[in-house]
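Enquirer: The structure under discussion is supplied below as C-alpha cells; questions concerning it will follow.
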Amino acid sequence: MSQATLRVQKISGHAGSVPGENTQRESLVCKLVDTTTCIGCKACEVACVEWNDMPFSPTTFDNTYQTMPETRWNYWNLILFNEHEREDGSLQWLMRKHQCMHCAEPGCLEACPSDGAIVQYTNGVVDFQQDHCIGCGYCITGCPFNIPKLNKVTKRVYKCSLCTDRVSEGLEPACIKSCPTGCLHFGTKDDMKDLAEQRAKQLKDHYGFANAGVYDPPGVGGTGVIYVLHDVTKPELYGGLPSNPSIPLAVKLWKHPLKWLGNLAIVGGLAGLFIHYLRFGPKAREEADLVVREGEQP
Amino acid sequence: MSHQEQLIPHNHVLRYTFPERLIHWVAAGSYLYLLATGLAFWSPWMFWLAVALGGGQISRMLHPWVGLIFVAAVLYMFKMWAGQMQFTVVDREWWKSLHYYITNQDEKMPPAGRYNAGQKALFWSFFLGGLLLLLSGVALWFTEYIPWSWRWIRYLAVLVHAGTALFTIGNFMIHVYMGVFAERGAFGSVIRGDVSLAFAKRYHPGWYKEIVGSSDPPNPK
C-alpha cells in the first residue's frame, strides 16, 4: 500500500461531489481483534500513545485492571476488562480492545457540519482532520460507539486514525505491531473476515464455544475493526459493545427528512412571500394612501 | 406614559419607546447572527456563511454566547410586553378574518389593539422558541460533558434545536415581510418610534381609539 490508499471517498459537511470519487477502488483495510486470545497486557494502549505522540494522561483506579473508564482525546485505544459470571457460576474474564470501529457508514461523518473535518479514505479508514474541526461535538452525537472525544483546550475532536500515517506507508497500525499474543491482526477486510471466521469455527468445533462468532455489525455497513467473540449473541458483555449499532435514529431524522423538509419550507416560504407581494403588494403604498383610503371609509 | 403624551405633532403617535426599539434591535441583530451561523452548521451548502463570519471555529465559539444575548432580549421583551400580548376576544375574531388580512382588505378586519393577533402569536412563538433553543442549545454547547448513558439528551437536543430553529425562521420571514414590505410605516416605527395616526387607525383601530379617545382623527387637516 502507498499514499494512494489515502484517496478520499467521503467528506463531512461537503457540498457537491467528492473529487475523484469511484475512479479507483482500494482494498478495504481491517483490524481483527480476537478477544479469545487477548491477555489484557495493554501493550496496544502503550504503543498507541507512543506512536501517536500523545501527552501523558492520568490513569484512574477503580479496583480493576482497566486504565480508565472510557477513551479520551489523547487515549484512543483502551482495553475494557469485564468479569462475567457464567451460568454455572464460574468466572469468565472478557477483555476487549476498544477503539474507533471505522464504520463503513460513519455516524460521526454523517453528523459533522464542517467541510472536510472528517474524511473516509477509499481503504475504509475514517480520519478526523483537526485543521477543519470546529469543535461542535456533533460527531460525538453521531457515533454509536462513544469514540470521538473533545480536547477542551484546543476545542478539536480526536480519535483513532487507524495509524493512517503508518498504513499509508505499508506498515501495520502501532497497536497491531505491539501485540504479543497474536490476538491482533491487520490486513484487507476480506482476509481478516476469512481469518476471523476460521477462528470462530475453531472455537466452536474444538473449544466448546457454541456461540463463538465474528462481530462485523451490518447496521453501520460493517466496520474496519472486527472482533472474534466467545459469544457473539451477547456483545454487550464486552464492555457495552452494542449488539446492533447504527447511526442514531435522531441523527438520521435530523440529517435527512428534517433537513429536506426544512429546506423545502424555507425556500417555499420565501417563494410564497414573494408571490404574495406580486399578487397583493403592500397594504398601502404610501402613508398618504392610508389617509385617502381612510376617507373612503366613513 | 399617558395616552395623550404619545401624540406627536404632525399627526403622529409614538408606537415604540426607546427601550422597546433598542431591545428589538438587540434581538434582531443577535438573531441574524444566530441565523447565519446556524444555517452554516445546518447545511454544507451554507457553510460559506460561517467562513464569511470569521471561520467555523469562531462561529462555533460565538454562536452560544450570542444565543444568550438573544434569549436575554426575548426575556426582557417578555417582561415588557407579556401583559399586552394576552389574546382577547377581538383576537379570536381577528384569526377568523385572517384571509381578509392576507388579501389586504384591512377595512374588513376586527379592530386590533396595539398588537394584532398575528403579532401576539409571533411574540409567543419567539418566546417559546427562545426557551426551547436555550435548553437544547445548552446541551449542544456542552455536549462533551453529557455522559454516554445520558446520550438521549444529545439526540433530543439536535432534533429540538433544529426543529425549533426552523419554526422561528418561518415566523421570522413573515415578521420581516410584514414589517419591511407589507405594512409601509412599520419599519420606520421600530427605528424612529412613531407612526402616523392614519397608520394607527388603519392597522390598530383599538389602540388608536385608546390614544385619541375616539375613533375620529383629533386634528383633521
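A note on labels: chains of the C-alpha cells are A, B, ... as shown, every chain counts residues from 1, and ligands are counted from 1 in their shown order.
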Show me, as an NGL selection string, every residue of chain B with an atom at most 8 Å from chain A, counting only C-alpha atoms.
Expert: :B and (40-45 or 47 or 56-58 or 60 or 103-104 or 106-107 or 140-141 or 143-144 or 148 or 151 or 154-156 or 158-159 or 162-163 or 166 or 169-170 or 173-174 or 177 or 181-185 or 196 or 198-199 or 202)
Enquirer: Using the selection just defined, write its residues with C-alpha atoms as an mmCIF file, in the first residue's frame.
Expert:
```cif
data_model
loop_
_atom_site.group_PDB
_atom_site.id
_atom_site.type_symbol
_atom_site.label_atom_id
_atom_site.label_comp_id
_atom_site.auth_asym_id
_atom_site.auth_seq_id
_atom_site.Cartn_x
_atom_site.Cartn_y
_atom_site.Cartn_z
ATOM 1 C CA ALA B 40 -23.894 27.290 8.220
ATOM 2 C CA PHE B 41 -23.992 24.386 10.701
ATOM 3 C CA TRP B 42 -27.262 23.184 9.180
ATOM 4 C CA SER B 43 -26.163 22.599 5.620
ATOM 5 C CA PRO B 44 -22.849 22.272 3.781
ATOM 6 C CA TRP B 45 -24.318 24.481 1.063
ATOM 7 C CA PHE B 47 -21.187 26.688 5.384
ATOM 8 C CA GLY B 56 -16.180 27.721 11.543
ATOM 9 C CA GLN B 57 -14.278 27.706 14.840
ATOM 10 C CA ILE B 58 -15.182 31.313 15.684
ATOM 11 C CA ARG B 60 -18.953 27.682 16.873
ATOM 12 C CA THR B 103 -55.575 39.805 0.903
ATOM 13 C CA ASN B 104 -55.067 43.384 2.155
ATOM 14 C CA ASP B 106 -57.874 45.596 6.237
ATOM 15 C CA GLU B 107 -61.086 47.566 6.441
ATOM 16 C CA LEU B 140 -25.236 21.154 22.396
ATOM 17 C CA TRP B 141 -22.871 23.753 23.842
ATOM 18 C CA THR B 143 -22.214 18.156 24.567
ATOM 19 C CA GLU B 144 -18.915 16.562 25.678
ATOM 20 C CA TRP B 148 -22.720 8.192 27.429
ATOM 21 C CA ARG B 151 -26.839 10.336 25.283
ATOM 22 C CA ARG B 154 -27.900 14.814 22.758
ATOM 23 C CA TYR B 155 -30.297 13.077 20.379
ATOM 24 C CA LEU B 156 -33.218 15.099 21.693
ATOM 25 C CA VAL B 158 -30.192 18.130 17.943
ATOM 26 C CA LEU B 159 -33.788 17.481 16.884
ATOM 27 C CA ALA B 162 -33.047 22.234 14.511
ATOM 28 C CA GLY B 163 -36.836 21.879 14.599
ATOM 29 C CA LEU B 166 -36.860 26.122 11.550
ATOM 30 C CA ILE B 169 -37.209 31.004 10.776
ATOM 31 C CA GLY B 170 -40.727 30.691 9.389
ATOM 32 C CA MET B 173 -39.596 35.537 7.476
ATOM 33 C CA ILE B 174 -43.230 36.520 7.933
ATOM 34 C CA TYR B 177 -42.028 40.615 5.257
ATOM 35 C CA PHE B 181 -42.667 45.160 2.725
ATOM 36 C CA ALA B 182 -46.332 44.752 3.569
ATOM 37 C CA GLU B 183 -47.071 47.479 6.127
ATOM 38 C CA ARG B 184 -45.375 50.645 4.981
ATOM 39 C CA GLY B 185 -44.518 52.689 8.056
ATOM 40 C CA SER B 196 -48.892 58.291 11.556
ATOM 41 C CA ALA B 198 -53.636 57.106 9.805
ATOM 42 C CA PHE B 199 -51.420 54.044 10.216
ATOM 43 C CA ARG B 202 -55.956 51.567 9.824
#
```
Enquirer: State, in Å with one decimal place, the distance from atom CA of B:Asn116 to atom CA of B:Leu34.
Expert: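 Computed distance, atom CA of B:Asn116 to atom CA of B:Leu34, equals 27.0 Å.
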Enquirer: Using only C-alpha atoms, which residue out of B:Ala139, B:Met61, B:Leu122, B:Ala73 lies closest to B:Asn171?
Expert: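 Among the listed residues, B:Leu122 lies closest to B:Asn171.
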Enquirer: Within 9 Å of B:Ala157, counting only C-alpha atoms, which residues qualify if same-chain residues fewer than 6 places away don't, as a PyMOL selection string?
Expert: chain B and resi 133+135-140
Enquirer: Those same residues - C-alpha atoms - I'd like them written as a PDB file, in the first residue's frame.
Expert:
```pdb
ATOM      1  CA  LEU B 133     -33.471  26.831  21.715  1.00  0.00           C
ATOM      2  CA  LEU B 135     -32.470  24.419  26.643  1.00  0.00           C
ATOM      3  CA  SER B 136     -31.410  22.356  23.629  1.00  0.00           C
ATOM      4  CA  GLY B 137     -28.588  24.791  22.908  1.00  0.00           C
ATOM      5  CA  VAL B 138     -27.029  24.360  26.343  1.00  0.00           C
ATOM      6  CA  ALA B 139     -26.967  20.590  25.733  1.00  0.00           C
ATOM      7  CA  LEU B 140     -25.236  21.154  22.396  1.00  0.00           C
TER       8      LEU B 140
END
```
Enquirer: Using only C-alpha atoms, pick whichever of A:His206, A:Cys179, A:Lys31, A:Ala47 has the shortest atom-to-atom distance to A:Val167.
Expert: A:Lys31
Enquirer: Compile the contact shell of A:Pro245 as an MDAnalysis selection string: residues with an atom at most 12 Å away, counting only C-alpha atoms, same-chain residues fewer than 6 positions apart removed.
Expert: chainID A and resid 101 103 105:107 142:146 215:223 235:236
Enquirer: Please report, as JSON, numbers by chain, each residue of stretch 69-192 of chain B to which DSSP assigns helix (DSSP H, G or I) when run on this structure's backbone.
Expert: {"B": [69, 70, 71, 72, 73, 74, 75, 76, 77, 78, 79, 80, 81, 82, 83, 84, 85, 89, 90, 91, 92, 93, 94, 95, 96, 98, 99, 100, 101, 102, 106, 107, 108, 117, 118, 119, 120, 121, 122, 123, 124, 125, 126, 127, 128, 129, 130, 131, 132, 133, 134, 135, 136, 137, 138, 139, 140, 141, 143, 144, 145, 148, 149, 150, 152, 153, 154, 155, 156, 157, 158, 159, 160, 161, 162, 163, 164, 165, 166, 167, 168, 169, 170, 171, 172, 173, 174, 175, 176, 177, 178, 179, 180, 181, 182, 186, 187, 188, 189]}
Enquirer: Provide the atom CA of A:Phe209 to atom CA of A:Tyr238 distance in Å, to one decimal place.
Expert: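 The value is 15.6 Å.
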Enquirer: Tell me which protein, DNA and RNA residues are within 8 Å of A:Asn77, counting only C-alpha atoms, leaving out same-chain ones fewer than 3 positions away, and put them as a list in words.
Expert: Cys44, Glu45, Cys48, Thr71, Lys97, His98, Gln99 and Cys160 of chain A
Enquirer: Give the strand (DSSP E) residues of stretch 10-196 of chain A, as DSSP finds them on the backbone, and put them as a ChimeraX atom specification.
Expert: /A:10-11,29-34,78-85,91-98,118-121,126-128,149-151,156-158,184-188
Enquirer: Excluding stretch 75-86 of chain B and any residue of its chain fewer than 5 positions from it, enumerate the residues within 10 Å of it, using only C-alpha atoms, and give them as a compact mmCIF listing (two decimals) with N, CA and C atoms, in the first residue's frame.
Expert:
```txt
# COMPACT_ATOMS: atom_id res chain seq x y z
N PRO B 19 -36.61 52.16 24.88
CA PRO B 19 -36.22 50.80 25.33
C PRO B 19 -36.80 49.70 24.46
N GLU B 20 -38.02 49.89 23.99
CA GLU B 20 -38.64 48.87 23.12
C GLU B 20 -37.89 48.74 21.81
N ILE B 23 -34.30 47.13 22.44
CA ILE B 23 -34.30 45.69 22.70
C ILE B 23 -34.70 44.93 21.44
N HIS B 24 -35.59 45.55 20.63
CA HIS B 24 -35.94 44.92 19.36
C HIS B 24 -34.70 44.70 18.51
N ALA B 27 -32.34 42.02 19.84
CA ALA B 27 -32.85 40.70 19.46
C ALA B 27 -32.64 40.46 17.97
N ILE B 69 -27.42 36.27 24.47
CA ILE B 69 -27.87 37.67 24.29
C ILE B 69 -29.29 37.68 23.74
N PHE B 70 -29.53 36.81 22.73
CA PHE B 70 -30.86 36.75 22.13
C PHE B 70 -31.91 36.36 23.16
N ASP B 91 -59.13 39.20 19.25
CA ASP B 91 -58.11 38.41 18.57
C ASP B 91 -58.69 37.14 17.96
N GLY B 113 -55.96 45.80 18.70
CA GLY B 113 -55.39 46.74 19.66
C GLY B 113 -53.99 47.12 19.27
N ARG B 114 -53.16 47.44 20.29
CA ARG B 114 -51.78 47.84 19.97
C ARG B 114 -51.07 46.74 19.17
N TYR B 115 -51.37 45.48 19.50
CA TYR B 115 -50.82 44.37 18.72
C TYR B 115 -51.97 43.55 18.21
N ASN B 116 -51.90 43.18 16.92
CA ASN B 116 -52.94 42.31 16.41
C ASN B 116 -52.61 40.86 16.78
N ALA B 117 -53.55 39.96 16.52
CA ALA B 117 -53.39 38.56 16.96
C ALA B 117 -52.15 37.93 16.33
N GLN B 119 -49.32 39.45 15.53
CA GLN B 119 -48.13 39.92 16.23
C GLN B 119 -47.99 39.24 17.57
N LYS B 120 -49.11 39.01 18.23
CA LYS B 120 -49.07 38.31 19.53
C LYS B 120 -48.57 36.89 19.33
N ALA B 121 -49.06 36.24 18.27
CA ALA B 121 -48.61 34.87 18.00
C ALA B 121 -47.12 34.86 17.73
N LEU B 122 -46.63 35.86 17.00
CA LEU B 122 -45.20 35.95 16.72
C LEU B 122 -44.41 36.08 18.01
N PHE B 123 -44.91 36.97 18.89
CA PHE B 123 -44.24 37.17 20.18
C PHE B 123 -44.12 35.86 20.94
N TRP B 124 -45.25 35.15 21.06
CA TRP B 124 -45.23 33.91 21.84
C TRP B 124 -44.41 32.83 21.17
N PHE B 126 -41.71 33.33 19.43
CA PHE B 126 -40.31 33.62 19.71
C PHE B 126 -39.97 33.39 21.18
N PHE B 127 -40.94 33.62 22.06
CA PHE B 127 -40.69 33.38 23.48
C PHE B 127 -40.49 31.88 23.74
N GLY B 130 -37.44 30.65 21.85
CA GLY B 130 -36.20 31.05 22.53
C GLY B 130 -35.89 30.13 23.69
N LEU B 131 -36.92 29.77 24.47
CA LEU B 131 -36.68 28.88 25.62
C LEU B 131 -36.23 27.48 25.16
```
Enquirer: Suppose you want the space between atom CA of A:Asp62 and atom CA of A:Gly89; what is it in Å?
Expert: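 About the pair atom CA of A:Asp62 and atom CA of A:Gly89: they are 23.5 Å apart.
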